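Take a look at the structure set out below.
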Amino acid sequence: MSAFAVPPGRSFSESIASAVARAFHINRNELSKRVFAYLALAPILAIYLVLRIIPILQNFLYSLYHSTIANPQASFAGLENFAALFEDRLFLISLRNTTLFAVFVTVFSVAIALALAVLLAGKVRCGGLYEALFFLPVITPMVPVSVVWKWIYDPTYGLLNYFLSWFGVKPLAWLVYPNLAMWAIIIMSVWKVIGYNMVILLVGIRDIPETFFEAARIDGAGRLGIFRYITMPLLRPILLFVFVISTINAYNVFTQVFIMTAGPQGAPGNAVRTLVFDIYENAFRYFKTGYAASEAVVLFLIILVLTLLQFGVAREK
């Protein structure tokens, strides 16, 4: 009998399934489950490929060309766009501002969220209400949040200056002074993401078995000891996830900068110019899409390197 002959009583598809199952050393039931899962995911993966993966690859291609929106591949530039980046003063300012923003937003949002998660993981009255209140800014769109905070920072009618006036502090133009504008946006951004980080960390803390905490208390450990030797080591994978997501989101800051500093009351000069804002300006204001694509590639590589470093540090500990 030929090796490709179908055994009596079996269909061709059943024979193929049996051969594949033997080749991968899995039973037919497990193979059927995997095939069903992959077929169910296929439409979503196809959409993700078209909307995400292919545009990313196209962006890498366009970064090698002197291009415009009308003609993405006008003339081949090689690495000229990348070489020009590091001679561009605005790009370097944008990179510095974005890094400053990302560092402070990531550190403060994770630290405050961790403290809140530890407090709410204990026996707190109306804990669910506090969780909802802290999470409310997360589900509020960034544009209306930015508009509200722009009003809060208003030098004439702003709520913040009104509150500070109770303590004798003179009104400040938070979004106008270069030394204050970036910090004002950092404070707003930390407030916006604390709830998300808190909920993720709270889930991780509640997932730690209570027996670990009971054993630590029996051994005489206090709250600080329990946090240091029980909570933190077991929470490390969740902390890694929160740090990675926070870093990626912080480096992609754009909306609050665009909304809060646009117009006559925006910060002068380039005090709050960020990398994504610079990409937007070059692509849609000056129509240098190839140059903007090279900036996007640099942003992608920065985030990739930082993510790998975070995974490496977490693995070593």
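Following the order of the structure tokens, first chain is A, next is B, and so on, with residues numbered from 1 inside each chain and ligands from 1 in the order they appear.
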Residues flagged helix (DSSP H, G or I) by DSSP in region 69-267 of chain A, as a PyMOL selection string:
chain A and resi 80-85+89-121+127-139+142-152+159-165+178-206+210-218+223-234+236-251+255-260
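By chain and then residue number, the residues within 8 Å of region 229-234 of chain A are Ile205, Ile208, Phe212, Phe213 and Ala216 of chain A, counting only C-alpha atoms and disregarding those fewer than 6 positions away in sequence.
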What's the 10 Å shell around Ile187 (chain A), counting only C-alpha atoms, without same-chain residues fewer than 3 positions away, as number ranges by chain?
A: 101, 104-105, 108-109, 182-184, 190-192
Can you tell me which residues surround Thr99 (chain A) at a distance of at most 12 Å, considering only C-alpha atoms, apart from same-chain residues fewer than 2 positions away, and format the answer as an NGL selection string?
:A and (92-97 or 101-106 or 182 or 186 or 247-253 or 272-276 or 299 or 302-303 or 306)
Kindly give the distance, in Å, that separates CA of Phe135 (chain A) and CA of Phe227 (chain A), rounded to a single decimal.
23.6 Å
Contacts of Val118 (chain A) within 12 Å, only C-alpha atoms, excl. fewer than 5 positions in-chain, as a PDB file with N, CA and C atoms, in the first residue's frame:
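Output file result.pdb follows:
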ATOM      1  N   ALA A 111       4.858  54.339  41.399  1.00  0.00           N
ATOM      2  CA  ALA A 111       5.085  54.419  42.841  1.00  0.00           C
ATOM      3  C   ALA A 111       3.792  54.772  43.583  1.00  0.00           C
ATOM      4  N   ILE A 112       3.067  55.780  43.109  1.00  0.00           N
ATOM      5  CA  ILE A 112       1.820  56.177  43.769  1.00  0.00           C
ATOM      6  C   ILE A 112       0.770  55.077  43.627  1.00  0.00           C
ATOM      7  N   ALA A 113       0.698  54.461  42.449  1.00  0.00           N
ATOM      8  CA  ALA A 113      -0.271  53.377  42.240  1.00  0.00           C
ATOM      9  C   ALA A 113       0.027  52.190  43.145  1.00  0.00           C
ATOM     10  N   LYS A 123      -8.115  45.960  54.610  1.00  0.00           N
ATOM     11  CA  LYS A 123      -9.523  46.133  54.957  1.00  0.00           C
ATOM     12  C   LYS A 123      -9.837  47.626  55.020  1.00  0.00           C
ATOM     13  N   VAL A 124     -10.364  48.155  53.911  1.00  0.00           N
ATOM     14  CA  VAL A 124     -10.705  49.571  53.796  1.00  0.00           C
ATOM     15  C   VAL A 124     -12.201  49.699  53.554  1.00  0.00           C
ATOM     16  N   GLY A 127     -13.930  50.355  49.867  1.00  0.00           N
ATOM     17  CA  GLY A 127     -12.778  50.176  48.976  1.00  0.00           C
ATOM     18  C   GLY A 127     -13.161  50.188  47.511  1.00  0.00           C
ATOM     19  N   MET A 198      -2.913  51.204  39.344  1.00  0.00           N
ATOM     20  CA  MET A 198      -3.380  50.766  40.653  1.00  0.00           C
ATOM     21  C   MET A 198      -4.221  49.490  40.541  1.00  0.00           C
ATOM     22  N   VAL A 199      -5.125  49.451  39.569  1.00  0.00           N
ATOM     23  CA  VAL A 199      -5.993  48.281  39.412  1.00  0.00           C
ATOM     24  C   VAL A 199      -5.183  47.042  39.054  1.00  0.00           C
ATOM     25  N   ILE A 200      -4.223  47.181  38.147  1.00  0.00           N
ATOM     26  CA  ILE A 200      -3.388  46.037  37.762  1.00  0.00           C
ATOM     27  C   ILE A 200      -2.591  45.529  38.966  1.00  0.00           C
ATOM     28  N   LEU A 201      -1.987  46.439  39.718  1.00  0.00           N
ATOM     29  CA  LEU A 201      -1.206  46.042  40.896  1.00  0.00           C
ATOM     30  C   LEU A 201      -2.102  45.480  41.993  1.00  0.00           C
ATOM     31  N   LEU A 202      -3.290  46.015  42.127  1.00  0.00           N
ATOM     32  CA  LEU A 202      -4.227  45.522  43.135  1.00  0.00           C
ATOM     33  C   LEU A 202      -4.646  44.087  42.834  1.00  0.00           C
ATOM     34  N   VAL A 203      -4.864  43.799  41.568  1.00  0.00           N
ATOM     35  CA  VAL A 203      -5.187  42.419  41.180  1.00  0.00           C
ATOM     36  C   VAL A 203      -4.027  41.488  41.517  1.00  0.00           C
ATOM     37  N   GLY A 204      -2.785  41.943  41.252  1.00  0.00           N
ATOM     38  CA  GLY A 204      -1.621  41.125  41.567  1.00  0.00           C
ATOM     39  C   GLY A 204      -1.478  40.875  43.062  1.00  0.00           C
ATOM     40  N   ILE A 205      -1.723  41.883  43.887  1.00  0.00           N
ATOM     41  CA  ILE A 205      -1.605  41.721  45.342  1.00  0.00           C
ATOM     42  C   ILE A 205      -2.677  40.775  45.863  1.00  0.00           C
ATOM     43  N   ARG A 206      -3.889  40.924  45.380  1.00  0.00           N
ATOM     44  CA  ARG A 206      -4.985  40.055  45.834  1.00  0.00           C
ATOM     45  C   ARG A 206      -4.823  38.617  45.353  1.00  0.00           C
ATOM     46  N   ARG A 223       4.515  45.194  58.933  1.00  0.00           N
ATOM     47  CA  ARG A 223       3.967  45.580  57.627  1.00  0.00           C
ATOM     48  C   ARG A 223       5.064  45.857  56.615  1.00  0.00           C
ATOM     49  N   LEU A 224       6.130  46.530  57.067  1.00  0.00           N
ATOM     50  CA  LEU A 224       7.227  46.830  56.150  1.00  0.00           C
ATOM     51  C   LEU A 224       7.934  45.556  55.712  1.00  0.00           C
ATOM     52  N   ILE A 226       6.617  42.502  55.592  1.00  0.00           N
ATOM     53  CA  ILE A 226       5.726  41.763  54.691  1.00  0.00           C
ATOM     54  C   ILE A 226       5.762  42.359  53.298  1.00  0.00           C
ATOM     55  N   PHE A 227       5.760  43.697  53.231  1.00  0.00           N
ATOM     56  CA  PHE A 227       5.802  44.355  51.921  1.00  0.00           C
ATOM     57  C   PHE A 227       7.115  44.061  51.208  1.00  0.00           C
ATOM     58  N   ARG A 228       8.226  44.084  51.960  1.00  0.00           N
ATOM     59  CA  ARG A 228       9.542  43.918  51.332  1.00  0.00           C
ATOM     60  C   ARG A 228       9.825  42.473  50.926  1.00  0.00           C
ATOM     61  N   THR A 231       5.295  40.795  49.474  1.00  0.00           N
ATOM     62  CA  THR A 231       4.546  41.466  48.406  1.00  0.00           C
ATOM     63  C   THR A 231       5.405  41.786  47.193  1.00  0.00           C
ATOM     64  N   MET A 232       6.531  42.449  47.420  1.00  0.00           N
ATOM     65  CA  MET A 232       7.360  42.887  46.291  1.00  0.00           C
ATOM     66  C   MET A 232       7.914  41.737  45.454  1.00  0.00           C
ATOM     67  N   LEU A 235       5.134  40.163  43.481  1.00  0.00           N
ATOM     68  CA  LEU A 235       4.486  41.116  42.580  1.00  0.00           C
ATOM     69  C   LEU A 235       5.383  41.516  41.408  1.00  0.00           C
TER      70      LEU A 235
END
Got a sec: who's within 8 Å of Phe82 (chain A), counting only C-alpha atoms, leaving out chain neighbours fewer than 2 positions off, as a PyMOL selection string?
chain A and resi 79-80+84-86+291+294-295
Might you pull out every residue within 10 Å of Ile139 (chain A), with only C-alpha atoms counted and same-chain residues fewer than 3 positions away left off, and present them as a VMD selection string?
chain A and resid 135 to 136 142 192 to 193 195 to 196
Using backbone DSSP assignments, extract all strand (DSSP E) residues from region 12-239 of chain A; output them as a PyMOL selection string.
chain A and resi 65-66+75-76
Next, dump the selected residues to file, keeping only C-alpha atoms, as a PDB file, in the first residue's frame.
ATOM      1  CA  TYR A  65      13.271  57.802   1.115  1.00  0.00           C
ATOM      2  CA  HIS A  66      12.964  61.544   0.628  1.00  0.00           C
ATOM      3  CA  SER A  75      13.808  59.428  -4.184  1.00  0.00           C
ATOM      4  CA  PHE A  76      15.965  56.954  -2.305  1.00  0.00           C
TER       5      PHE A  76
END
When distances are computed from only C-alpha atoms, which of A:Val257, A:Ala46, A:Val244, A:Ala40 shows the smallest separation from Asn270 (chain A)?
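Of the candidates, the smallest distance to Asn270 (chain A) is held by A:Val257.
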Find the residue from A:Ser246, A:Thr307, A:Ser165, A:Thr289 that sits nearest to Ser63 (chain A); use only C-alpha atoms when measuring.
A:Thr289
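Here CA of Gly78 (chain A) is placed at a distance of 10.7 Å from CA of Gly290 (chain A).
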Which value, in Å to one decimal, gives the distance between CA of Ala283 (chain A) and CA of Ala296 (chain A)?
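Separation of CA of Ala283 (chain A) and CA of Ala296 (chain A): 10.6 Å.
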